[in-house]
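Shown next: upload_11.txt, containing compact mmCIF, N, CA, C and O atoms and all ligand atoms.
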```
# COMPACT_ATOMS: atom_id res chain seq x y z
N MET Q 26 0.84 -1.20 0.00
CA MET Q 26 0.00 0.00 0.00
C MET Q 26 0.87 1.24 0.00
O MET Q 26 1.87 1.33 0.69
N GLU Q 27 0.47 2.19 -0.79
CA GLU Q 27 1.21 3.45 -0.89
C GLU Q 27 1.10 4.24 0.40
O GLU Q 27 0.03 4.40 0.95
N ASN Q 28 2.21 4.68 0.88
CA ASN Q 28 2.20 5.50 2.09
C ASN Q 28 3.10 6.70 1.86
O ASN Q 28 4.31 6.59 1.82
N ALA Q 29 2.47 7.87 1.70
CA ALA Q 29 3.22 9.07 1.32
C ALA Q 29 4.20 9.50 2.41
O ALA Q 29 5.16 10.21 2.14
N ALA Q 30 3.98 9.08 3.63
CA ALA Q 30 4.83 9.53 4.73
C ALA Q 30 6.04 8.62 4.93
O ALA Q 30 6.90 8.90 5.75
N ARG Q 31 6.10 7.53 4.17
CA ARG Q 31 7.19 6.58 4.38
C ARG Q 31 8.37 6.93 3.48
O ARG Q 31 8.22 7.55 2.46
N GLY Q 32 9.53 6.49 3.85
CA GLY Q 32 10.70 6.66 3.00
C GLY Q 32 11.32 8.02 3.13
O GLY Q 32 11.15 8.70 4.11
N ALA Q 33 12.04 8.41 2.09
CA ALA Q 33 12.86 9.61 2.16
C ALA Q 33 12.16 10.82 1.58
O ALA Q 33 12.80 11.78 1.21
N GLU Q 34 10.84 10.78 1.50
CA GLU Q 34 10.11 11.86 0.85
C GLU Q 34 9.70 12.95 1.84
O GLU Q 34 8.70 13.62 1.66
N LEU Q 35 10.46 13.10 2.92
CA LEU Q 35 10.14 14.15 3.88
C LEU Q 35 10.99 15.38 3.62
O LEU Q 35 12.19 15.30 3.38
N CYS Q 36 10.36 16.52 3.73
CA CYS Q 36 11.04 17.81 3.64
C CYS Q 36 11.79 18.06 4.94
O CYS Q 36 11.55 17.43 5.97
N ARG Q 37 12.68 19.03 4.92
CA ARG Q 37 13.37 19.42 6.15
C ARG Q 37 12.41 19.90 7.23
O ARG Q 37 12.72 19.84 8.42
N CYS Q 38 11.25 20.39 6.84
CA CYS Q 38 10.26 20.85 7.82
C CYS Q 38 9.55 19.68 8.49
O CYS Q 38 8.79 19.89 9.44
N GLY Q 39 9.77 18.46 8.00
CA GLY Q 39 9.16 17.29 8.63
C GLY Q 39 7.90 16.80 7.95
O GLY Q 39 7.35 15.77 8.32
N LEU Q 40 7.42 17.54 6.96
CA LEU Q 40 6.20 17.15 6.27
C LEU Q 40 6.52 16.43 4.97
O LEU Q 40 7.55 16.70 4.35
N PRO Q 41 5.63 15.51 4.56
CA PRO Q 41 5.85 14.84 3.27
C PRO Q 41 5.71 15.81 2.12
O PRO Q 41 4.94 16.77 2.19
N THR Q 42 6.46 15.57 1.05
CA THR Q 42 6.35 16.41 -0.14
C THR Q 42 5.50 15.74 -1.21
O THR Q 42 5.16 16.36 -2.19
N ARG Q 43 5.17 14.49 -1.01
CA ARG Q 43 4.28 13.79 -1.94
C ARG Q 43 2.83 14.06 -1.57
O ARG Q 43 2.51 14.18 -0.39
N PRO Q 44 1.96 14.11 -2.55
CA PRO Q 44 0.55 14.35 -2.24
C PRO Q 44 -0.10 13.15 -1.57
O PRO Q 44 0.39 12.01 -1.70
N PRO Q 45 -1.19 13.38 -0.87
CA PRO Q 45 -1.92 12.28 -0.22
C PRO Q 45 -2.67 11.44 -1.24
O PRO Q 45 -2.86 11.86 -2.38
N VAL Q 46 -3.09 10.28 -0.81
CA VAL Q 46 -3.87 9.38 -1.66
C VAL Q 46 -5.31 9.38 -1.14
O VAL Q 46 -5.54 9.27 0.06
N GLY Q 47 -6.27 9.55 -2.02
CA GLY Q 47 -7.67 9.44 -1.63
C GLY Q 47 -8.30 10.71 -1.10
O GLY Q 47 -9.42 10.69 -0.61
N VAL Q 48 -7.57 11.81 -1.15
CA VAL Q 48 -8.10 13.09 -0.69
C VAL Q 48 -7.80 14.13 -1.77
O VAL Q 48 -6.76 14.06 -2.42
N ALA Q 49 -8.71 15.08 -1.94
CA ALA Q 49 -8.44 16.17 -2.88
C ALA Q 49 -7.27 17.00 -2.37
O ALA Q 49 -7.18 17.29 -1.18
N TRP Q 50 -6.37 17.38 -3.27
CA TRP Q 50 -5.21 18.18 -2.87
C TRP Q 50 -4.84 19.12 -4.01
O TRP Q 50 -5.25 18.93 -5.15
N TRP Q 51 -4.08 20.13 -3.69
CA TRP Q 51 -3.60 21.10 -4.66
C TRP Q 51 -2.13 21.36 -4.40
O TRP Q 51 -1.67 21.23 -3.26
N ARG Q 52 -1.45 21.75 -5.44
CA ARG Q 52 -0.10 22.31 -5.29
C ARG Q 52 -0.24 23.79 -5.63
O ARG Q 52 -0.26 24.15 -6.80
N PRO Q 53 -0.33 24.63 -4.61
CA PRO Q 53 -0.62 26.05 -4.89
C PRO Q 53 0.39 26.73 -5.79
O PRO Q 53 0.05 27.69 -6.47
N ASP Q 54 1.62 26.24 -5.84
CA ASP Q 54 2.60 26.85 -6.73
C ASP Q 54 2.37 26.44 -8.19
O ASP Q 54 2.95 27.02 -9.09
N GLN Q 55 1.51 25.41 -8.41
CA GLN Q 55 1.27 24.94 -9.78
C GLN Q 55 -0.21 25.01 -10.16
O GLN Q 55 -0.53 25.18 -11.33
N ASP Q 56 -1.09 24.81 -9.18
CA ASP Q 56 -2.52 24.73 -9.46
C ASP Q 56 -3.21 26.05 -9.11
O ASP Q 56 -2.74 26.80 -8.26
N GLU Q 57 -4.36 26.28 -9.77
CA GLU Q 57 -5.11 27.50 -9.48
C GLU Q 57 -5.79 27.42 -8.12
O GLU Q 57 -6.09 26.33 -7.62
N ASP Q 58 -6.05 28.58 -7.57
CA ASP Q 58 -6.85 28.68 -6.35
C ASP Q 58 -8.18 27.96 -6.58
O ASP Q 58 -8.86 28.20 -7.58
N PRO Q 59 -8.55 27.04 -5.68
CA PRO Q 59 -9.78 26.27 -5.89
C PRO Q 59 -11.06 27.08 -5.74
O PRO Q 59 -12.15 26.58 -6.01
N GLY Q 60 -10.97 28.33 -5.34
CA GLY Q 60 -12.16 29.16 -5.26
C GLY Q 60 -12.69 29.27 -3.85
O GLY Q 60 -12.22 28.61 -2.94
N PRO Q 61 -13.71 30.15 -3.67
CA PRO Q 61 -14.18 30.49 -2.32
C PRO Q 61 -14.81 29.34 -1.55
O PRO Q 61 -15.04 29.46 -0.35
N GLY Q 62 -15.08 28.21 -2.23
CA GLY Q 62 -15.60 27.05 -1.49
C GLY Q 62 -14.58 26.49 -0.52
O GLY Q 62 -14.95 25.82 0.44
N VAL Q 63 -13.32 26.75 -0.76
CA VAL Q 63 -12.26 26.30 0.14
C VAL Q 63 -11.83 27.50 0.98
O VAL Q 63 -11.28 28.47 0.47
N ARG Q 64 -12.10 27.42 2.29
CA ARG Q 64 -11.83 28.55 3.17
C ARG Q 64 -10.50 28.41 3.90
O ARG Q 64 -9.94 29.41 4.39
N ALA Q 65 -10.02 27.18 4.04
CA ALA Q 65 -8.80 26.95 4.80
C ALA Q 65 -8.13 25.67 4.31
O ALA Q 65 -8.81 24.73 3.89
N VAL Q 66 -6.82 25.67 4.34
CA VAL Q 66 -6.05 24.49 3.93
C VAL Q 66 -4.92 24.26 4.92
O VAL Q 66 -4.56 25.16 5.70
N VAL Q 67 -4.37 23.07 4.90
CA VAL Q 67 -3.10 22.81 5.59
C VAL Q 67 -2.14 22.19 4.58
O VAL Q 67 -2.57 21.53 3.63
N ARG Q 68 -0.85 22.42 4.80
CA ARG Q 68 0.14 21.65 4.05
C ARG Q 68 -0.05 20.20 4.48
O ARG Q 68 -0.15 19.93 5.69
N TYR Q 69 -0.11 19.31 3.53
CA TYR Q 69 -0.43 17.92 3.84
C TYR Q 69 0.54 17.38 4.91
O TYR Q 69 1.75 17.47 4.75
N GLY Q 70 -0.05 16.86 5.99
CA GLY Q 70 0.75 16.35 7.11
C GLY Q 70 0.72 17.27 8.31
O GLY Q 70 0.98 16.85 9.43
N ASP Q 71 0.42 18.56 8.07
CA ASP Q 71 0.33 19.50 9.17
C ASP Q 71 -0.96 19.28 9.95
O ASP Q 71 -1.94 18.76 9.41
N GLN Q 72 -0.97 19.71 11.20
CA GLN Q 72 -2.19 19.61 12.00
C GLN Q 72 -2.90 20.96 12.00
O GLN Q 72 -2.32 21.97 12.40
N PRO Q 73 -4.16 20.98 11.56
CA PRO Q 73 -4.85 22.27 11.42
C PRO Q 73 -4.97 23.05 12.72
O PRO Q 73 -5.01 24.27 12.69
N GLN Q 74 -5.01 22.35 13.85
CA GLN Q 74 -5.10 23.08 15.12
C GLN Q 74 -3.81 23.88 15.37
O GLN Q 74 -3.83 24.91 16.03
N LEU Q 75 -2.72 23.38 14.86
CA LEU Q 75 -1.43 24.01 15.10
C LEU Q 75 -1.08 25.04 14.04
O LEU Q 75 -0.53 26.09 14.33
N ARG Q 76 -1.38 24.71 12.78
CA ARG Q 76 -1.02 25.62 11.69
C ARG Q 76 -1.88 25.32 10.48
O ARG Q 76 -1.84 24.25 9.91
N ARG Q 77 -2.67 26.28 10.10
CA ARG Q 77 -3.49 26.17 8.90
C ARG Q 77 -3.40 27.52 8.19
O ARG Q 77 -2.96 28.51 8.76
N VAL Q 78 -3.84 27.53 6.94
CA VAL Q 78 -3.79 28.76 6.16
C VAL Q 78 -5.22 29.08 5.74
O VAL Q 78 -5.87 28.28 5.08
N GLN Q 79 -5.71 30.24 6.16
CA GLN Q 79 -7.10 30.60 5.93
C GLN Q 79 -7.21 31.73 4.90
O GLN Q 79 -6.40 32.66 4.88
N ARG Q 80 -8.25 31.62 4.09
CA ARG Q 80 -8.53 32.65 3.08
C ARG Q 80 -8.97 33.93 3.78
O ARG Q 80 -9.81 33.90 4.67
N VAL Q 81 -8.41 35.04 3.35
CA VAL Q 81 -8.81 36.34 3.87
C VAL Q 81 -10.04 36.80 3.11
O VAL Q 81 -10.15 36.57 1.90
N ASP Q 82 -10.97 37.44 3.79
CA ASP Q 82 -12.16 37.95 3.12
C ASP Q 82 -11.78 38.93 2.03
O ASP Q 82 -10.71 39.53 2.04
N ASN Q 83 -12.66 39.12 1.07
CA ASN Q 83 -12.44 40.02 -0.06
C ASN Q 83 -11.30 39.56 -0.94
O ASN Q 83 -10.70 40.35 -1.66
N ASN Q 84 -10.98 38.27 -0.86
CA ASN Q 84 -9.97 37.70 -1.74
C ASN Q 84 -8.62 38.41 -1.61
O ASN Q 84 -7.90 38.61 -2.58
N ALA Q 85 -8.29 38.83 -0.39
CA ALA Q 85 -7.08 39.61 -0.17
C ALA Q 85 -5.86 38.74 0.11
O ALA Q 85 -4.81 39.26 0.46
N GLY Q 86 -5.99 37.45 -0.03
CA GLY Q 86 -4.84 36.57 0.19
C GLY Q 86 -5.14 35.52 1.24
O GLY Q 86 -6.30 35.22 1.54
N TRP Q 87 -4.08 34.97 1.81
CA TRP Q 87 -4.17 33.88 2.77
C TRP Q 87 -3.26 34.19 3.96
O TRP Q 87 -2.17 34.73 3.79
N THR Q 88 -3.72 33.84 5.16
CA THR Q 88 -2.89 34.05 6.34
C THR Q 88 -2.87 32.77 7.19
O THR Q 88 -3.84 32.01 7.20
N GLU Q 89 -1.78 32.57 7.89
CA GLU Q 89 -1.64 31.39 8.74
C GLU Q 89 -2.28 31.63 10.10
O GLU Q 89 -2.21 32.72 10.66
N HIS Q 90 -2.91 30.58 10.61
CA HIS Q 90 -3.53 30.61 11.93
C HIS Q 90 -3.20 29.30 12.63
O HIS Q 90 -2.81 28.33 12.00
N GLY Q 91 -3.40 29.28 13.95
CA GLY Q 91 -3.18 28.06 14.71
C GLY Q 91 -2.27 28.30 15.88
O GLY Q 91 -1.61 29.33 16.00
N ALA Q 92 -2.23 27.33 16.76
CA ALA Q 92 -1.51 27.49 18.02
C ALA Q 92 -0.02 27.79 17.81
O ALA Q 92 0.60 28.48 18.61
N MET Q 93 0.55 27.28 16.71
CA MET Q 93 1.98 27.49 16.50
C MET Q 93 2.30 28.82 15.87
O MET Q 93 3.46 29.25 15.89
N VAL Q 94 1.33 29.48 15.27
CA VAL Q 94 1.64 30.69 14.50
C VAL Q 94 0.88 31.92 14.99
O VAL Q 94 1.17 33.02 14.53
N ASP Q 95 -0.07 31.76 15.89
CA ASP Q 95 -0.86 32.92 16.33
C ASP Q 95 0.01 34.03 16.90
O ASP Q 95 -0.29 35.21 16.76
N PHE Q 96 1.10 33.65 17.52
CA PHE Q 96 2.00 34.64 18.11
C PHE Q 96 2.52 35.62 17.07
O PHE Q 96 2.77 36.79 17.37
N TYR Q 97 2.69 35.15 15.85
CA TYR Q 97 3.29 35.97 14.80
C TYR Q 97 2.24 36.65 13.91
O TYR Q 97 2.59 37.35 12.97
N GLN Q 98 0.98 36.40 14.22
CA GLN Q 98 -0.05 36.78 13.29
C GLN Q 98 -0.02 38.26 12.90
O GLN Q 98 -0.17 38.60 11.74
N ASP Q 99 0.23 39.13 13.86
CA ASP Q 99 0.21 40.56 13.57
C ASP Q 99 1.32 40.97 12.61
O ASP Q 99 1.22 41.97 11.93
N ARG Q 100 2.39 40.21 12.60
CA ARG Q 100 3.55 40.61 11.79
C ARG Q 100 3.55 39.96 10.41
O ARG Q 100 4.43 40.24 9.62
N THR Q 101 2.64 39.05 10.19
CA THR Q 101 2.68 38.30 8.94
C THR Q 101 1.63 38.82 7.98
O THR Q 101 0.45 38.64 8.20
N PRO Q 102 2.05 39.51 6.92
CA PRO Q 102 1.06 40.00 5.96
C PRO Q 102 0.46 38.85 5.18
O PRO Q 102 1.06 37.78 5.09
N PRO Q 103 -0.73 39.06 4.59
CA PRO Q 103 -1.32 37.98 3.78
C PRO Q 103 -0.40 37.57 2.65
O PRO Q 103 0.38 38.38 2.14
N MET Q 104 -0.47 36.32 2.29
CA MET Q 104 0.32 35.83 1.17
C MET Q 104 -0.60 35.41 0.03
O MET Q 104 -1.80 35.26 0.21
N SER Q 105 -0.01 35.26 -1.12
CA SER Q 105 -0.78 34.83 -2.29
C SER Q 105 -1.01 33.33 -2.23
O SER Q 105 -0.31 32.61 -1.51
N TRP Q 106 -1.96 32.85 -3.01
CA TRP Q 106 -2.23 31.42 -3.07
C TRP Q 106 -0.96 30.64 -3.42
O TRP Q 106 -0.66 29.61 -2.82
N ALA Q 107 -0.19 31.14 -4.37
CA ALA Q 107 1.01 30.41 -4.79
C ALA Q 107 2.00 30.24 -3.65
O ALA Q 107 2.71 29.24 -3.56
N GLN Q 108 2.03 31.21 -2.74
CA GLN Q 108 2.96 31.14 -1.61
C GLN Q 108 2.52 30.16 -0.54
O GLN Q 108 3.33 29.75 0.29
N VAL Q 109 1.25 29.82 -0.55
CA VAL Q 109 0.72 28.92 0.48
C VAL Q 109 1.45 27.58 0.47
O VAL Q 109 1.62 26.93 1.49
N ALA Q 110 1.93 27.18 -0.70
CA ALA Q 110 2.61 25.89 -0.82
C ALA Q 110 3.90 25.83 -0.01
O ALA Q 110 4.31 24.76 0.43
N ARG Q 111 4.55 26.98 0.18
CA ARG Q 111 5.92 26.98 0.68
C ARG Q 111 6.00 26.93 2.19
O ARG Q 111 5.42 27.75 2.88
N CYS Q 112 6.78 26.01 2.71
CA CYS Q 112 7.04 25.93 4.15
C CYS Q 112 8.24 26.81 4.47
O CYS Q 112 8.82 27.45 3.60
N TRP Q 113 8.68 26.79 5.72
CA TRP Q 113 9.82 27.64 6.10
C TRP Q 113 11.10 27.22 5.40
O TRP Q 113 12.04 28.00 5.26
N ALA Q 114 11.16 25.98 4.94
CA ALA Q 114 12.35 25.51 4.22
C ALA Q 114 12.27 25.85 2.73
O ALA Q 114 13.12 25.42 1.95
N ASP Q 115 11.24 26.63 2.33
CA ASP Q 115 11.06 27.09 0.97
C ASP Q 115 10.82 25.95 -0.01
O ASP Q 115 11.20 26.00 -1.17
N THR Q 116 10.20 24.89 0.47
CA THR Q 116 9.85 23.75 -0.36
C THR Q 116 8.35 23.80 -0.65
O THR Q 116 7.57 24.03 0.27
N PRO Q 117 7.95 23.61 -1.90
CA PRO Q 117 6.51 23.56 -2.18
C PRO Q 117 5.89 22.25 -1.72
O PRO Q 117 6.45 21.17 -1.97
N HIS Q 118 4.76 22.35 -1.04
CA HIS Q 118 4.06 21.18 -0.53
C HIS Q 118 2.65 21.11 -1.12
O HIS Q 118 2.06 22.15 -1.40
N PRO Q 119 2.11 19.89 -1.24
CA PRO Q 119 0.68 19.78 -1.54
C PRO Q 119 -0.14 20.22 -0.33
O PRO Q 119 0.30 20.04 0.82
N VAL Q 120 -1.30 20.79 -0.56
CA VAL Q 120 -2.19 21.19 0.52
C VAL Q 120 -3.52 20.47 0.39
O VAL Q 120 -3.92 20.08 -0.71
N VAL Q 121 -4.19 20.31 1.52
CA VAL Q 121 -5.53 19.72 1.54
C VAL Q 121 -6.48 20.69 2.25
O VAL Q 121 -6.06 21.47 3.10
N ALA Q 122 -7.75 20.64 1.88
CA ALA Q 122 -8.74 21.55 2.46
C ALA Q 122 -9.13 21.07 3.86
O ALA Q 122 -9.23 19.87 4.12
N VAL Q 123 -9.35 22.01 4.75
CA VAL Q 123 -9.86 21.69 6.09
C VAL Q 123 -11.06 22.57 6.37
O VAL Q 123 -11.23 23.63 5.77
N ARG Q 124 -11.91 22.12 7.28
CA ARG Q 124 -13.04 22.96 7.69
C ARG Q 124 -13.30 22.75 9.17
O ARG Q 124 -12.95 21.72 9.74
N LYS Q 125 -13.93 23.77 9.75
CA LYS Q 125 -14.27 23.73 11.16
C LYS Q 125 -15.44 22.79 11.35
O LYS Q 125 -16.44 22.88 10.63
N ASP Q 126 -15.34 21.87 12.30
CA ASP Q 126 -16.46 20.97 12.55
C ASP Q 126 -17.35 21.52 13.66
O ASP Q 126 -17.11 22.60 14.20
N ALA Q 127 -18.39 20.77 13.99
CA ALA Q 127 -19.41 21.26 14.91
C ALA Q 127 -18.85 21.52 16.32
O ALA Q 127 -19.39 22.31 17.07
N THR Q 128 -17.76 20.87 16.67
CA THR Q 128 -17.18 21.04 17.99
C THR Q 128 -16.15 22.15 18.04
O THR Q 128 -15.52 22.39 19.06
N GLY Q 129 -15.93 22.83 16.89
CA GLY Q 129 -14.95 23.90 16.85
C GLY Q 129 -13.56 23.43 16.50
O GLY Q 129 -12.64 24.22 16.38
N GLY Q 130 -13.40 22.12 16.30
CA GLY Q 130 -12.11 21.60 15.84
C GLY Q 130 -12.00 21.68 14.32
O GLY Q 130 -12.93 22.12 13.65
N TRP Q 131 -10.89 21.26 13.79
CA TRP Q 131 -10.66 21.33 12.36
C TRP Q 131 -10.45 19.92 11.82
O TRP Q 131 -9.71 19.14 12.41
N THR Q 132 -11.12 19.63 10.72
CA THR Q 132 -10.96 18.32 10.11
C THR Q 132 -10.63 18.47 8.64
O THR Q 132 -11.03 19.45 8.01
N ILE Q 133 -9.92 17.50 8.12
CA ILE Q 133 -9.58 17.49 6.70
C ILE Q 133 -10.82 17.08 5.91
O ILE Q 133 -11.51 16.13 6.26
N CYS Q 134 -11.10 17.84 4.86
CA CYS Q 134 -12.24 17.52 4.01
C CYS Q 134 -11.86 16.35 3.11
O CYS Q 134 -10.88 16.43 2.38
N ALA Q 135 -12.64 15.31 3.16
CA ALA Q 135 -12.34 14.14 2.31
C ALA Q 135 -12.78 14.42 0.89
O ALA Q 135 -13.64 15.26 0.66
ZN ZN X 201 8.67 21.63 4.01
```

Can the structure in the file be given as structure tokens, please?
Ligand SMILES: [Zn+2]
Amino acid sequence: MENAARGAELCRCGLPTRPPVGVAWWRPDQDEDPGPGVRAVVRYGDQPQLRRVQRVDNNAGWTEHGAMVDFYQDRTPPMSWAQVARCWADTPHPVVAVRKDATGGWTICA
């Protein structure tokens, strides 16, 4: 069985660089913005509670949110969709859509 997290396909940031299997995904540096139906994404492998990228209203870009990045939120200007792919190691990653569930947590959209 294919397992994207196995082997040497990990970026220096610790996340896989291969896309997931069985879930919709995008490569923001290569693919178009999926449109307003997608409000938030994570780099595949990231935990949305810790770090997710949310669409800014009025199509003004994307900003990171979550327990690991909230501290920096005021200093981080919105980024373009194409930039969403890039982690701190400047590697493009596939992203998957996430949404807030009824309990206020975040789940990956299948
Ligand atoms: Zn990375």

- [ ] Going by DSSP on the backbone, which bits of chain Q are helix (DSSP H, G or I)? Write them as a PyMOL selection string, please.
- [x] chain Q and resi 82-84+95-100+106-109

Write the selection just made, keeping N, CA, C and O atoms, as an mmCIF file, keeping the file's coordinate frame?
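Listing of result-v1.cif after writing:
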```cif
data_model
loop_
_atom_site.group_PDB
_atom_site.id
_atom_site.type_symbol
_atom_site.label_atom_id
_atom_site.label_comp_id
_atom_site.auth_asym_id
_atom_site.auth_seq_id
_atom_site.Cartn_x
_atom_site.Cartn_y
_atom_site.Cartn_z
ATOM 1 N N ASP Q 82 -10.970 37.440 3.790
ATOM 2 C CA ASP Q 82 -12.160 37.950 3.120
ATOM 3 C C ASP Q 82 -11.780 38.930 2.030
ATOM 4 O O ASP Q 82 -10.710 39.530 2.040
ATOM 5 N N ASN Q 83 -12.660 39.120 1.070
ATOM 6 C CA ASN Q 83 -12.440 40.020 -0.060
ATOM 7 C C ASN Q 83 -11.300 39.560 -0.940
ATOM 8 O O ASN Q 83 -10.700 40.350 -1.660
ATOM 9 N N ASN Q 84 -10.980 38.270 -0.860
ATOM 10 C CA ASN Q 84 -9.970 37.700 -1.740
ATOM 11 C C ASN Q 84 -8.620 38.410 -1.610
ATOM 12 O O ASN Q 84 -7.900 38.610 -2.580
ATOM 13 N N ASP Q 95 -0.070 31.760 15.890
ATOM 14 C CA ASP Q 95 -0.860 32.920 16.330
ATOM 15 C C ASP Q 95 0.010 34.030 16.900
ATOM 16 O O ASP Q 95 -0.290 35.210 16.760
ATOM 17 N N PHE Q 96 1.100 33.650 17.520
ATOM 18 C CA PHE Q 96 2.000 34.640 18.110
ATOM 19 C C PHE Q 96 2.520 35.620 17.070
ATOM 20 O O PHE Q 96 2.770 36.790 17.370
ATOM 21 N N TYR Q 97 2.690 35.150 15.850
ATOM 22 C CA TYR Q 97 3.290 35.970 14.800
ATOM 23 C C TYR Q 97 2.240 36.650 13.910
ATOM 24 O O TYR Q 97 2.590 37.350 12.970
ATOM 25 N N GLN Q 98 0.980 36.400 14.220
ATOM 26 C CA GLN Q 98 -0.050 36.780 13.290
ATOM 27 C C GLN Q 98 -0.020 38.260 12.900
ATOM 28 O O GLN Q 98 -0.170 38.600 11.740
ATOM 29 N N ASP Q 99 0.230 39.130 13.860
ATOM 30 C CA ASP Q 99 0.210 40.560 13.570
ATOM 31 C C ASP Q 99 1.320 40.970 12.610
ATOM 32 O O ASP Q 99 1.220 41.970 11.930
ATOM 33 N N ARG Q 100 2.390 40.210 12.600
ATOM 34 C CA ARG Q 100 3.550 40.610 11.790
ATOM 35 C C ARG Q 100 3.550 39.960 10.410
ATOM 36 O O ARG Q 100 4.430 40.240 9.620
ATOM 37 N N TRP Q 106 -1.960 32.850 -3.010
ATOM 38 C CA TRP Q 106 -2.230 31.420 -3.070
ATOM 39 C C TRP Q 106 -0.960 30.640 -3.420
ATOM 40 O O TRP Q 106 -0.660 29.610 -2.820
ATOM 41 N N ALA Q 107 -0.190 31.140 -4.370
ATOM 42 C CA ALA Q 107 1.010 30.410 -4.790
ATOM 43 C C ALA Q 107 2.000 30.240 -3.650
ATOM 44 O O ALA Q 107 2.710 29.240 -3.560
ATOM 45 N N GLN Q 108 2.030 31.210 -2.740
ATOM 46 C CA GLN Q 108 2.960 31.140 -1.610
ATOM 47 C C GLN Q 108 2.520 30.160 -0.540
ATOM 48 O O GLN Q 108 3.330 29.750 0.290
ATOM 49 N N VAL Q 109 1.250 29.820 -0.550
ATOM 50 C CA VAL Q 109 0.720 28.920 0.480
ATOM 51 C C VAL Q 109 1.450 27.580 0.470
ATOM 52 O O VAL Q 109 1.620 26.930 1.490
#
```

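Residues in contact with ligand ZN 201 (chain X) (atom pairs separated by at most 5 Å; only N, CA, C and O atoms and all ligand atoms) are Q:Cys36, Q:Arg37, Q:Cys38, Q:Cys112, Q:Thr116.
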
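Atom pair CA of Pro61 in chain Q / CA of His118 in chain Q has a distance of 20.6 Å (rounded to one decimal).
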
TODO: Return the single residue from Q:Met104, Q:Val78, Q:Val120, Q:Val109 that is closest to Arg43 in chain Q, with distances computed using all atoms listed in the file.
DONE: Q:Val120

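Considering only C-alpha atoms, the residue among Q:Gly129, Q:Pro45, Q:Gly70, Q:Gly60 positioned nearest to Asn84 in chain Q is Q:Gly60.
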
TODO: Just give me the gap between atom O of Pro53 in chain Q and atom N of Gln108 in chain Q in Å, one decimal is fine.
DONE: 5.5 Å

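One finds atom O of Cys134 in chain Q at 5.8 Å from CA of Ala49 in chain Q.
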
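For the choices Q:Arg68, Q:Arg111, Q:Lys125, Q:Arg77, the atom-to-atom distance to Leu40 in chain Q is smallest for Q:Arg68 when using only N, CA, C and O atoms.
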
Give me range 33-44 of chain Q from this structure - N, CA and C atoms, as an mmCIF file, in the first residue's frame.
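Okay, this is what ended up in part_4.cif:
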```cif
data_model
loop_
_atom_site.group_PDB
_atom_site.id
_atom_site.type_symbol
_atom_site.label_atom_id
_atom_site.label_comp_id
_atom_site.auth_asym_id
_atom_site.auth_seq_id
_atom_site.Cartn_x
_atom_site.Cartn_y
_atom_site.Cartn_z
ATOM 1 N N ALA Q 33 12.039 8.407 2.093
ATOM 2 C CA ALA Q 33 12.863 9.608 2.164
ATOM 3 C C ALA Q 33 12.157 10.819 1.583
ATOM 4 N N GLU Q 34 10.840 10.778 1.497
ATOM 5 C CA GLU Q 34 10.107 11.862 0.853
ATOM 6 C C GLU Q 34 9.700 12.947 1.844
ATOM 7 N N LEU Q 35 10.461 13.101 2.917
ATOM 8 C CA LEU Q 35 10.139 14.151 3.879
ATOM 9 C C LEU Q 35 10.995 15.384 3.620
ATOM 10 N N CYS Q 36 10.360 16.524 3.728
ATOM 11 C CA CYS Q 36 11.037 17.812 3.640
ATOM 12 C C CYS Q 36 11.791 18.063 4.940
ATOM 13 N N ARG Q 37 12.679 19.029 4.917
ATOM 14 C CA ARG Q 37 13.375 19.416 6.148
ATOM 15 C C ARG Q 37 12.412 19.895 7.234
ATOM 16 N N CYS Q 38 11.246 20.387 6.835
ATOM 17 C CA CYS Q 38 10.263 20.854 7.817
ATOM 18 C C CYS Q 38 9.551 19.680 8.495
ATOM 19 N N GLY Q 39 9.766 18.458 8.001
ATOM 20 C CA GLY Q 39 9.163 17.290 8.628
ATOM 21 C C GLY Q 39 7.901 16.802 7.949
ATOM 22 N N LEU Q 40 7.418 17.541 6.962
ATOM 23 C CA LEU Q 40 6.196 17.145 6.270
ATOM 24 C C LEU Q 40 6.525 16.425 4.969
ATOM 25 N N PRO Q 41 5.634 15.513 4.556
ATOM 26 C CA PRO Q 41 5.853 14.840 3.273
ATOM 27 C C PRO Q 41 5.710 15.810 2.117
ATOM 28 N N THR Q 42 6.463 15.569 1.054
ATOM 29 C CA THR Q 42 6.354 16.409 -0.136
ATOM 30 C C THR Q 42 5.502 15.744 -1.208
ATOM 31 N N ARG Q 43 5.173 14.487 -1.014
ATOM 32 C CA ARG Q 43 4.281 13.789 -1.941
ATOM 33 C C ARG Q 43 2.829 14.064 -1.568
ATOM 34 N N PRO Q 44 1.964 14.115 -2.551
ATOM 35 C CA PRO Q 44 0.551 14.348 -2.242
ATOM 36 C C PRO Q 44 -0.101 13.147 -1.571
#
```
